[in-house]
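To be precise, the following lines are run.pdb, and they hold PDB, C-alpha atoms.
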```
ATOM      1  CA  MET A 597       0.050 -14.697  -4.960
ATOM      2  CA  THR A 598      -0.308 -13.197  -1.473
ATOM      3  CA  HIS A 599      -3.665 -12.499   0.141
ATOM      4  CA  SER A 600      -2.955  -8.762   0.216
ATOM      5  CA  ALA A 601      -2.225  -8.762  -3.536
ATOM      6  CA  ILE A 602      -5.522 -10.548  -4.230
ATOM      7  CA  ALA A 603      -7.417  -7.961  -2.162
ATOM      8  CA  MET A 604      -5.747  -5.137  -4.081
ATOM      9  CA  ILE A 605      -6.567  -6.752  -7.434
ATOM     10  CA  TYR A 606     -10.224  -6.778  -6.386
ATOM     11  CA  GLY A 607      -9.775  -3.127  -5.376
ATOM     12  CA  ILE A 608      -8.425  -2.234  -8.820
ATOM     13  CA  ALA A 609     -11.201  -4.131 -10.610
ATOM     14  CA  GLY A 610     -13.934  -2.630  -8.439
ATOM     15  CA  SER A 611     -12.562   0.894  -8.769
ATOM     16  CA  VAL A 612     -12.134   0.704 -12.550
ATOM     17  CA  ILE A 613     -15.648  -0.678 -13.106
ATOM     18  CA  PHE A 614     -17.189   1.817 -10.664
ATOM     19  CA  ASN A 615     -15.521   4.842 -12.252
ATOM     20  CA  ILE A 616     -16.208   3.745 -15.827
ATOM     21  CA  SER A 617     -19.853   3.339 -14.838
ATOM     22  CA  LYS A 618     -19.831   7.065 -14.082
ATOM     23  CA  GLY A 619     -18.703   7.726 -17.640
ATOM     24  CA  MET A 620     -21.424   5.448 -19.000
ATOM     25  CA  GLN A 621     -24.056   7.260 -16.945
ATOM     26  CA  ARG A 622     -22.777  10.585 -18.208
ATOM     27  CA  GLN A 623     -22.846   9.308 -21.802
ATOM     28  CA  GLY A 624     -26.382   7.996 -21.450
ATOM     29  CA  ILE A 625     -27.828  10.800 -19.316
ATOM     30  CA  GLU A 626     -29.921  11.991 -22.283
ATOM     31  CA  ALA A 627     -32.161   8.985 -21.684
ATOM     32  CA  VAL A 628     -33.322  10.351 -18.336
ATOM     33  CA  ALA A 629     -32.743  14.069 -18.889
ATOM     34  CA  PHE A 630     -36.492  14.688 -19.096
ATOM     35  CA  ILE A 631     -36.833  14.201 -15.311
ATOM     36  CA  PHE A 632     -34.775  17.307 -14.550
ATOM     37  CA  PRO A 633     -36.477  20.663 -13.936
ATOM     38  CA  GLY A 634     -36.376  23.029 -16.876
ATOM     39  CA  ARG A 635     -35.970  20.292 -19.464
ATOM     40  CA  LYS A 636     -37.951  21.130 -22.594
ATOM     41  CA  ALA A 637     -40.340  18.419 -23.658
ATOM     42  CA  ARG A 638     -39.918  16.976 -27.131
ATOM     43  CA  PRO A 639     -42.830  17.193 -29.557
ATOM     44  CA  LYS A 640     -45.220  14.310 -29.229
ATOM     45  CA  GLY A 641     -44.079  11.290 -31.168
ATOM     46  CA  GLU A 642     -40.532  12.607 -31.623
ATOM     47  CA  ARG A 643     -37.922  10.117 -30.507
ATOM     48  CA  HIS A 644     -34.461  11.187 -29.464
ATOM     49  CA  PRO A 645     -31.871   9.872 -31.941
ATOM     50  CA  GLY A 646     -30.075   6.910 -30.413
ATOM     51  CA  SER A 647     -32.382   6.867 -27.395
ATOM     52  CA  ALA A 648     -32.235   3.069 -27.111
ATOM     53  CA  LYS A 649     -28.445   3.285 -26.955
ATOM     54  CA  HIS A 650     -28.592   6.002 -24.318
ATOM     55  CA  ILE A 651     -31.057   4.032 -22.207
ATOM     56  CA  ALA A 652     -28.904   0.917 -22.434
ATOM     57  CA  LEU A 653     -25.758   2.846 -21.504
ATOM     58  CA  TYR A 654     -27.385   4.577 -18.553
ATOM     59  CA  ALA A 655     -28.933   1.328 -17.297
ATOM     60  CA  ALA A 656     -25.629  -0.538 -17.595
ATOM     61  CA  GLY A 657     -23.830   2.316 -15.845
ATOM     62  CA  PHE A 658     -26.376   2.314 -13.031
ATOM     63  CA  VAL A 659     -25.964  -1.442 -12.485
ATOM     64  CA  LEU A 660     -22.166  -1.285 -12.577
ATOM     65  CA  ASN A 661     -22.222   1.730 -10.255
ATOM     66  CA  ASN A 662     -23.588  -0.564  -7.546
ATOM     67  CA  SER A 663     -20.949  -3.251  -8.060
ATOM     68  CA  LEU A 664     -18.325  -1.659  -5.815
ATOM     69  CA  GLY A 665     -19.767  -3.258  -2.685
ATOM     70  CA  PHE A 666     -19.559  -6.715  -4.271
ATOM     71  CA  PHE A 667     -15.845  -6.283  -4.976
ATOM     72  CA  ALA A 668     -15.347  -5.018  -1.416
ATOM     73  CA  ILE A 669     -16.935  -8.218  -0.099
ATOM     74  CA  LEU A 670     -14.543 -10.302  -2.194
ATOM     75  CA  ALA A 671     -11.505  -8.275  -1.111
ATOM     76  CA  ASN A 672     -12.427  -8.337   2.585
ATOM     77  CA  ARG A 673     -11.978 -12.110   2.608
ATOM     78  CA  TYR A 674      -8.250 -11.675   2.071
ATOM     79  CA  ALA A 675      -7.076  -8.468   3.736
ATOM     80  CA  PRO A 676      -8.213  -5.419   5.743
ATOM     81  CA  SER A 677     -10.461  -2.939   3.956
ATOM     82  CA  SER A 678      -7.731  -0.335   3.396
ATOM     83  CA  TYR A 679      -6.051  -2.678   0.892
ATOM     84  CA  PHE A 680      -9.215  -2.394  -1.217
ATOM     85  CA  THR A 681      -9.835   1.355  -0.827
ATOM     86  CA  SER A 682      -6.185   2.325  -1.426
ATOM     87  CA  MET A 683      -6.514   1.201  -5.056
ATOM     88  CA  PHE A 684      -9.344   3.634  -5.776
ATOM     89  CA  GLY A 685      -7.109   6.149  -7.539
ATOM     90  CA  LEU A 686      -6.504   3.809 -10.479
ATOM     91  CA  GLY A 687     -10.217   3.880 -11.265
ATOM     92  CA  ILE A 688     -10.039   7.656 -11.626
ATOM     93  CA  ILE A 689      -7.372   7.177 -14.289
ATOM     94  CA  ALA A 690      -9.642   4.670 -16.056
ATOM     95  CA  LEU A 691     -12.435   7.267 -16.091
ATOM     96  CA  MET A 692     -10.033   9.845 -17.535
ATOM     97  CA  LEU A 693      -9.156   7.453 -20.384
ATOM     98  CA  TYR A 694     -12.846   6.635 -20.939
ATOM     99  CA  ALA A 695     -13.604  10.350 -21.218
ATOM    100  CA  ARG A 696     -10.754  10.785 -23.701
ATOM    101  CA  PHE A 697     -11.331   7.835 -26.027
ATOM    102  CA  ILE A 698     -15.088   7.205 -25.702
ATOM    103  CA  LEU A 699     -16.536  10.604 -24.831
ATOM    104  CA  LYS A 700     -13.900  12.355 -27.000
ATOM    105  CA  GLU A 701     -13.044  14.890 -24.306
ATOM    106  CA  PRO A 702      -9.629  16.631 -24.530
ATOM    107  CA  LEU A 703      -6.792  15.313 -22.382
ATOM    108  CA  HIS A 704      -4.705  18.027 -20.730
ATOM    109  CA  PRO A 705      -1.083  17.897 -19.486
ATOM    110  CA  PHE A 706      -2.234  18.428 -15.898
ATOM    111  CA  GLN A 707      -4.357  15.285 -16.113
ATOM    112  CA  ILE A 708      -1.467  13.238 -17.508
ATOM    113  CA  ALA A 709       0.934  14.514 -14.830
ATOM    114  CA  GLY A 710      -1.635  13.909 -12.094
ATOM    115  CA  ALA A 711      -2.317  10.399 -13.365
ATOM    116  CA  ALA A 712       1.405   9.574 -13.310
ATOM    117  CA  ILE A 713       1.787  10.865  -9.747
ATOM    118  CA  LEU A 714      -1.389   9.094  -8.639
ATOM    119  CA  THR A 715      -0.123   5.819 -10.112
ATOM    120  CA  MET A 716       3.164   6.206  -8.252
ATOM    121  CA  GLY A 717       1.358   6.787  -4.958
ATOM    122  CA  THR A 718      -0.929   3.799  -5.519
ATOM    123  CA  LEU A 719       2.061   1.571  -6.296
ATOM    124  CA  ILE A 720       3.703   2.666  -3.049
ATOM    125  CA  LEU A 721       0.527   1.848  -1.098
ATOM    126  CA  GLY A 722       0.349  -1.490  -2.897
ATOM    127  CA  TYR A 723       3.954  -2.349  -2.065
ATOM    128  CA  ASP A 724       3.352  -1.288   1.548
ATOM    129  CA  GLY A 725       0.438  -3.738   1.715
ATOM    130  CA  ILE A 726       2.363  -6.620   0.158
ATOM    131  CA  ILE A 727       5.292  -6.429   2.595
ATOM    132  CA  ARG A 728       3.067  -6.326   5.688
ATOM    133  CA  GLU A 729       2.318  -9.419   7.745
ATOM    134  CA  LYS A 730      -0.945 -11.145   6.898
ATOM    135  CA  LEU A 731      -3.873  -9.362   8.562
ATOM    136  CA  THR A 732      -7.674  -9.645   8.408
ATOM    137  CA  MET A 733     -10.550  -7.657   9.865
ATOM    138  CA  ALA A 734     -11.206 -10.648  12.139
ATOM    139  CA  ARG A 735      -8.634  -9.159  14.523
ATOM    140  CA  ILE A 736     -10.419  -5.800  14.786
ATOM    141  CA  ASP A 737     -10.947  -4.391  18.283
ATOM    142  CA  LEU A 738     -14.695  -3.861  17.955
ATOM    143  CA  PRO A 739     -15.190  -1.455  20.925
ATOM    144  CA  ALA A 740     -12.252   0.667  19.733
ATOM    145  CA  ALA A 741     -13.609   0.704  16.159
ATOM    146  CA  ALA A 742     -17.067   1.706  17.415
ATOM    147  CA  MET A 743     -15.609   4.573  19.458
ATOM    148  CA  VAL A 744     -13.505   5.831  16.540
ATOM    149  CA  ILE A 745     -16.444   5.712  14.117
ATOM    150  CA  GLY A 746     -18.754   7.373  16.665
ATOM    151  CA  ALA A 747     -16.250  10.151  17.361
ATOM    152  CA  SER A 748     -15.707  10.610  13.619
ATOM    153  CA  LEU A 749     -19.444  10.973  13.022
ATOM    154  CA  LEU A 750     -19.634  13.690  15.707
ATOM    155  CA  LEU A 751     -16.638  15.467  14.185
ATOM    156  CA  MET A 752     -18.226  15.358  10.723
ATOM    157  CA  ILE A 753     -21.435  16.885  12.092
ATOM    158  CA  ALA A 754     -19.411  19.655  13.779
ATOM    159  CA  ILE A 755     -17.460  20.609  10.644
ATOM    160  CA  LEU A 756     -20.659  20.474   8.555
ATOM    161  CA  ILE A 757     -22.250  23.013  10.901
ATOM    162  CA  TYR A 758     -19.156  25.201  10.598
ATOM    163  CA  ALA A 759     -19.141  24.900   6.800
ATOM    164  CA  HIS A 760     -22.803  25.908   6.516
ATOM    165  CA  ARG A 761     -22.258  28.888   8.777
ATOM    166  CA  SER A 762     -19.324  30.023   6.645
ATOM    167  CA  ARG A 763     -21.553  30.195   3.521
ATOM    168  CA  ASN A 764     -18.393  29.718   1.476
ATOM    169  CA  LEU A 765     -18.792  27.377  -1.516
ATOM    170  CA  LEU A 766     -15.112  26.415  -1.402
ATOM    171  CA  VAL A 767     -15.340  25.433   2.267
ATOM    172  CA  LEU A 768     -18.669  23.675   1.698
ATOM    173  CA  GLY A 769     -17.254  21.690  -1.224
ATOM    174  CA  ALA A 770     -14.144  20.587   0.689
ATOM    175  CA  VAL A 771     -16.102  19.676   3.822
ATOM    176  CA  TYR A 772     -18.840  17.809   1.966
ATOM    177  CA  GLY A 773     -16.135  15.961   0.069
ATOM    178  CA  LEU A 774     -14.593  14.827   3.365
ATOM    179  CA  VAL A 775     -17.977  13.825   4.776
ATOM    180  CA  ILE A 776     -19.073  11.924   1.655
ATOM    181  CA  GLY A 777     -15.723  10.161   1.399
ATOM    182  CA  PHE A 778     -15.884   9.228   5.077
ATOM    183  CA  ILE A 779     -19.425   7.858   4.762
ATOM    184  CA  ALA A 780     -18.500   5.949   1.593
ATOM    185  CA  SER A 781     -15.465   4.402   3.297
ATOM    186  CA  LEU A 782     -17.707   2.987   6.030
ATOM    187  CA  ASP A 783     -19.274   0.712   3.395
ATOM    188  CA  PRO A 784     -16.204  -1.531   2.811
ATOM    189  CA  LEU A 785     -15.070  -1.113   6.428
ATOM    190  CA  MET A 786     -18.343  -2.295   7.948
ATOM    191  CA  LYS A 787     -18.660  -5.059   5.398
ATOM    192  CA  GLY A 788     -15.182  -6.233   6.359
ATOM    193  CA  ILE A 789     -15.920  -6.129  10.081
ATOM    194  CA  GLY A 790     -19.257  -7.898   9.669
ATOM    195  CA  GLN A 791     -17.892 -10.586   7.331
ATOM    196  CA  ASN A 792     -14.920 -11.464   9.515
ATOM    197  CA  LEU A 793     -16.319 -10.948  13.011
ATOM    198  CA  GLY A 794     -15.010 -13.842  15.078
ATOM    199  CA  GLN A 795     -13.159 -15.549  12.239
ATOM    200  CA  GLY A 796     -11.408 -14.628   9.012
ATOM    201  CA  GLU A 797     -11.791 -15.105   5.273
ATOM    202  CA  ARG A 798     -15.568 -15.369   5.065
ATOM    203  CA  PHE A 799     -17.797 -14.287   2.187
ATOM    204  CA  LEU A 800     -20.800 -13.642   4.457
ATOM    205  CA  PRO A 801     -21.099 -13.044   8.230
ATOM    206  CA  SER A 802     -21.382 -16.015  10.588
ATOM    207  CA  ARG A 803     -22.778 -14.152  13.616
ATOM    208  CA  SER A 804     -25.909 -12.101  14.257
ATOM    209  CA  LEU A 805     -23.910  -8.992  15.187
ATOM    210  CA  GLY A 806     -21.837  -9.483  12.071
ATOM    211  CA  TRP A 807     -24.989  -9.498   9.946
ATOM    212  CA  ILE A 808     -26.213  -6.276  11.585
ATOM    213  CA  ILE A 809     -22.919  -4.503  10.858
ATOM    214  CA  PHE A 810     -22.748  -5.976   7.348
ATOM    215  CA  LEU A 811     -26.272  -4.869   6.411
ATOM    216  CA  ALA A 812     -25.757  -1.432   7.971
ATOM    217  CA  SER A 813     -22.909  -0.887   5.501
ATOM    218  CA  PHE A 814     -25.428  -0.687   2.653
ATOM    219  CA  VAL A 815     -27.126   2.240   4.403
ATOM    220  CA  PHE A 816     -23.875   4.213   4.359
ATOM    221  CA  ALA A 817     -23.293   3.335   0.685
ATOM    222  CA  THR A 818     -26.737   4.736  -0.151
ATOM    223  CA  LEU A 819     -26.209   7.841   1.998
ATOM    224  CA  SER A 820     -22.935   8.667   0.259
ATOM    225  CA  PHE A 821     -24.586   8.394  -3.166
ATOM    226  CA  VAL A 822     -27.584  10.557  -2.195
ATOM    227  CA  ALA A 823     -25.360  13.152  -0.497
ATOM    228  CA  SER A 824     -23.106  13.448  -3.549
ATOM    229  CA  GLN A 825     -26.089  14.009  -5.870
ATOM    230  CA  TRP A 826     -27.555  16.601  -3.504
ATOM    231  CA  ILE A 827     -24.348  18.594  -3.127
ATOM    232  CA  PHE A 828     -23.800  18.680  -6.900
ATOM    233  CA  SER A 829     -27.278  20.186  -7.244
ATOM    234  CA  LYS A 830     -26.112  23.061  -5.024
ATOM    235  CA  GLY A 831     -23.519  24.196  -7.523
ATOM    236  CA  ILE A 832     -20.401  22.854  -5.808
ATOM    237  CA  ARG A 833     -17.536  22.418  -8.268
ATOM    238  CA  ILE A 834     -16.379  18.845  -8.786
ATOM    239  CA  SER A 835     -12.766  20.062  -8.626
ATOM    240  CA  VAL A 836     -13.350  21.076  -4.999
ATOM    241  CA  LEU A 837     -15.373  18.051  -3.943
ATOM    242  CA  VAL A 838     -13.497  15.165  -5.591
ATOM    243  CA  PRO A 839     -10.000  15.555  -4.058
ATOM    244  CA  SER A 840     -11.265  15.762  -0.466
ATOM    245  CA  GLN A 841     -13.812  12.988  -1.096
ATOM    246  CA  ASN A 842     -11.194  10.587  -2.420
ATOM    247  CA  PHE A 843      -8.726  11.589   0.285
ATOM    248  CA  ALA A 844     -11.241  10.608   2.971
ATOM    249  CA  TYR A 845     -12.222   7.395   1.174
ATOM    250  CA  ILE A 846      -8.606   6.233   0.924
ATOM    251  CA  ALA A 847      -7.276   7.653   4.208
ATOM    252  CA  TYR A 848     -10.040   6.864   6.709
ATOM    253  CA  PRO A 849      -9.744   3.051   6.555
ATOM    254  CA  ILE A 850      -6.002   3.425   7.181
ATOM    255  CA  PHE A 851      -6.705   5.730  10.124
ATOM    256  CA  LEU A 852      -9.311   3.406  11.650
ATOM    257  CA  GLN A 853      -7.175   0.311  11.237
ATOM    258  CA  ALA A 854      -4.139   2.048  12.753
ATOM    259  CA  ILE A 855      -6.156   2.527  15.942
ATOM    260  CA  ALA A 856      -8.439  -0.511  16.085
ATOM    261  CA  LEU A 857      -6.644  -3.288  14.166
ATOM    262  CA  PRO A 858      -3.769  -4.850  16.167
ATOM    263  CA  GLY A 859      -0.653  -5.272  14.055
ATOM    264  CA  PHE A 860      -1.585  -2.572  11.515
ATOM    265  CA  LYS A 861       0.851   0.345  11.712
ATOM    266  CA  VAL A 862       1.138   3.485   9.604
ATOM    267  CA  SER A 863       4.714   3.496   8.342
ATOM    268  CA  GLY A 864       6.618   6.156   6.444
ATOM    269  CA  LEU A 865       5.851   4.160   3.313
ATOM    270  CA  THR A 866       2.117   4.280   4.081
ATOM    271  CA  ALA A 867       2.147   8.030   4.724
ATOM    272  CA  SER A 868       4.195   8.850   1.621
ATOM    273  CA  GLY A 869       2.017   6.639  -0.593
ATOM    274  CA  LEU A 870      -1.141   8.305   0.723
ATOM    275  CA  PHE A 871       0.286  11.808   0.268
ATOM    276  CA  ILE A 872       1.466  11.155  -3.308
ATOM    277  CA  THR A 873      -1.856   9.526  -4.264
ATOM    278  CA  VAL A 874      -3.910  12.461  -3.004
ATOM    279  CA  LEU A 875      -1.498  14.922  -4.634
ATOM    280  CA  GLY A 876      -2.044  13.152  -7.966
ATOM    281  CA  ILE A 877      -5.833  13.360  -7.574
ATOM    282  CA  PHE A 878      -5.578  17.073  -6.767
ATOM    283  CA  ILE A 879      -3.386  17.803  -9.795
ATOM    284  CA  MET A 880      -5.748  15.891 -12.098
ATOM    285  CA  GLN A 881      -8.580  18.170 -10.935
ATOM    286  CA  THR A 882      -6.558  21.389 -11.292
ATOM    287  CA  ARG A 883      -7.319  21.670 -15.001
ATOM    288  CA  ILE A 884     -11.035  21.252 -14.342
ATOM    289  CA  GLN A 885     -10.844  24.098 -11.866
ATOM    290  CA  LYS A 886      -9.152  26.331 -14.467
ATOM    291  CA  ASP A 887     -11.735  25.405 -17.095
TER     292      ASP A 887
END
```
The structure given in the file should be rewritten as structure tokens.
Amino acid sequence: MTHSAIAMIYGIAGSVIFNISKGMQRQGIEAVAFIFPGRKARPKGERHPGSAKHIALYAAGFVLNNSLGFFAILANRYAPSSYFTSMFGLGIIALMLYARFILKEPLHPFQIAGAAILTMGTLILGYDGIIREKLTMARIDLPAAAMVIGASLLLMIAILIYAHRSRNLLVLGAVYGLVIGFIASLDPLMKGIGQNLGQGERFLPSRSLGWIIFLASFVFATLSFVASQWIFSKGIRISVLVPSQNFAYIAYPIFLQAIALPGFKVSGLTASGLFITVLGIFIMQTRIQKD
């Protein structure tokens, strides 16, 4: 099995577990619902039916929700970070199936069609990764990567200011999705750079600068989580936020590597796989928008 295939297998596993954890948290949310404003208190001594089950589900979902970074660390030993993030769409399909068979939510034709298209796009991205020459983040041009990330941060701040001035919930949702996806993608990217700085296929960094970059990645992972919870509290529809968020999460590592990783080129296969994957995600969310 090639190194790129191993990295993508870790990407599939991490994405599936991460997305299913969201379903588990949703299923067990009753256990912590009392912390939300407006929640009516239960009479003293009354215990919510199945509360132990709900607590266990929510706790397990919370733990698994934080496992994505661990799988990224494993994948970064074998291939650049985009090989890991490009598999994220398959986890969305896993969540759809969890919602259907565990949460007993209806499954609509749009979701099935979107899942099929998303799978096709992911397979194209996977094939594109397998036929490439062996690459690792050890070859990253660090100054170029720093400039790209810095410029991207400034651009994100600029479009956030524009979105807030527009006072349009659709624009705000799309822009916050891009920003959150971008910030989330920095987690596996910075882990990969830190792990492999100076040499490849390492589980943990070997240099002081590598450790700084590696540890900083956890800050971005936390920021993306907090930002997503905050924006949901503002009434932004998930059908607006999710497509742009996942687009940025999958596309940004490819963009960064195309500029700062020697030997990594965006081919027609890469572009078509990315387009089809994002199209599938968008179609899966279309039904939610209609509902």
- Query: Which residue gives the smallest distance to Tyr694 of chain A among A:Ile877, A:Val612, A:Ala675, A:Met743, with only C-alpha atoms counted?
  - Reply: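 Of A:Ile877, A:Val612, A:Ala675, A:Met743, the one nearest Tyr694 of chain A is A:Val612, counting only C-alpha atoms.
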- Task: Run the PyMOL selection byres ((chain A and resi 870) around 8) mentally over the shown coordinates, then write out the matched residues as a list in words, using the chain letters and numbers from the document.
- Result: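 Here the PyMOL selection byres ((chain A and resi 870) around 8) matches Gly717, Thr718, Leu721, Ile846, Ala847, Thr866, Ala867, Ser868, Gly869, Phe871, Ile872, Thr873 and Val874 of chain A.
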- Task: Given the file shown, determine the residues that the PyMOL selection byres ((chain A and resi 786) around 12) selects; report them as a VMD selection string.
- Result: chain A and resid 665 668 to 669 672 676 to 678 733 to 734 736 738 741 to 742 745 779 to 785 787 to 793 801 805 to 817 849 852 to 853
- Counting all atoms listed in the file, figure out which residue out of A:Thr715, A:Leu751, A:Arg763, A:Ile616 gets nearest to Leu691 of chain A.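 Result for the nearest residue to Leu691 of chain A: A:Ile616.
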- May I ask which of the residues A:Arg735, A:Met716, A:Ile708, A:Gln841 is the closest one to Val771 of chain A, counting all atoms listed in the file?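 Looking at the shortest contact to Val771 of chain A, the residue is A:Gln841.
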- Item | Gap from atom CA of Phe878 of chain A to atom CA of Ala712 of chain A - Å, one decimal |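 Atom-to-atom, atom CA of Phe878 of chain A and atom CA of Ala712 of chain A are spaced 12.2 Å apart.
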- Message: Starting from the PyMOL selection byres ((chain A and resi 598) around 12), expand the selection into actual residues of this file and give them as a ChimeraX atom specification.
- Response: /A:597,599-605,674-675,722-723,725-731
- Kindly give the distance, in Å, that separates atom CA of Ala709 of chain A and atom CA of Ser820 of chain A, rounded to a single decimal.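 A separation of 28.8 Å between them.
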- Message: If I take atom CA of Val862 of chain A and atom CA of Ile850 of chain A, how far is one from the other in Å, to one decimal?
- Response: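 Interatomic distance here is 7.5 Å.
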- So which residues touch Ile753 of chain A within 12 Å, counting all atoms listed in the file, skipping near sequence neighbours fewer than 6 positions away, as a list in words?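 Contacts, with the query itself left out: Gly746, Ala747, Ala759, His760, Val771, Tyr772, Leu774, Val775, Ile776, Phe778 and Ile779 of chain A.
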- Message: Here is a test: counting all atoms listed in the file, which residue of A:Leu765, A:Ile689, A:Val744, A:Leu660 is nearest to Phe614 of chain A?
- Response: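 Of all the options, A:Leu660 lies closest to Phe614 of chain A.
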- May I ask which of the residues A:Gly657, A:Gly859, A:Gly607, A:Pro739 is the closest one to Gly685 of chain A, counting all atoms listed in the file?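 Checking each of A:Gly657, A:Gly859, A:Gly607, A:Pro739 against Gly685 of chain A, counting all atoms listed in the file, the winner is A:Gly607.
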- Query: Which is closer to Asn842 of chain A than all the others in A:Gln621, A:Ser762, A:Ser611, A:Gln707, using all atoms listed in the file?
  - Reply: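 Looking only at the distances to Asn842 of chain A, the closest residue turns out to be A:Ser611.
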- Task: Write out as a list in words which residues come within 9 Å of Ile608 of chain A when counting only C-alpha atoms, dropping same-chain ones fewer than 5 positions away.
- Result: Ala603, Ile613, Phe680, Thr681, Ser682, Met683, Phe684, Gly685, Leu686 and Gly687 of chain A
Let me have the centre and edge lengths of the axis-aligned box enclosing all listed atoms of segment 796-813 of chain A with 3 Å padding on every side, in Å to one decimal, as JSON.
```
{"center_x": -18.8, "center_y": -8.5, "center_z": 8.7, "size_x": 20.9, "size_y": 21.1, "size_z": 19.0}
```
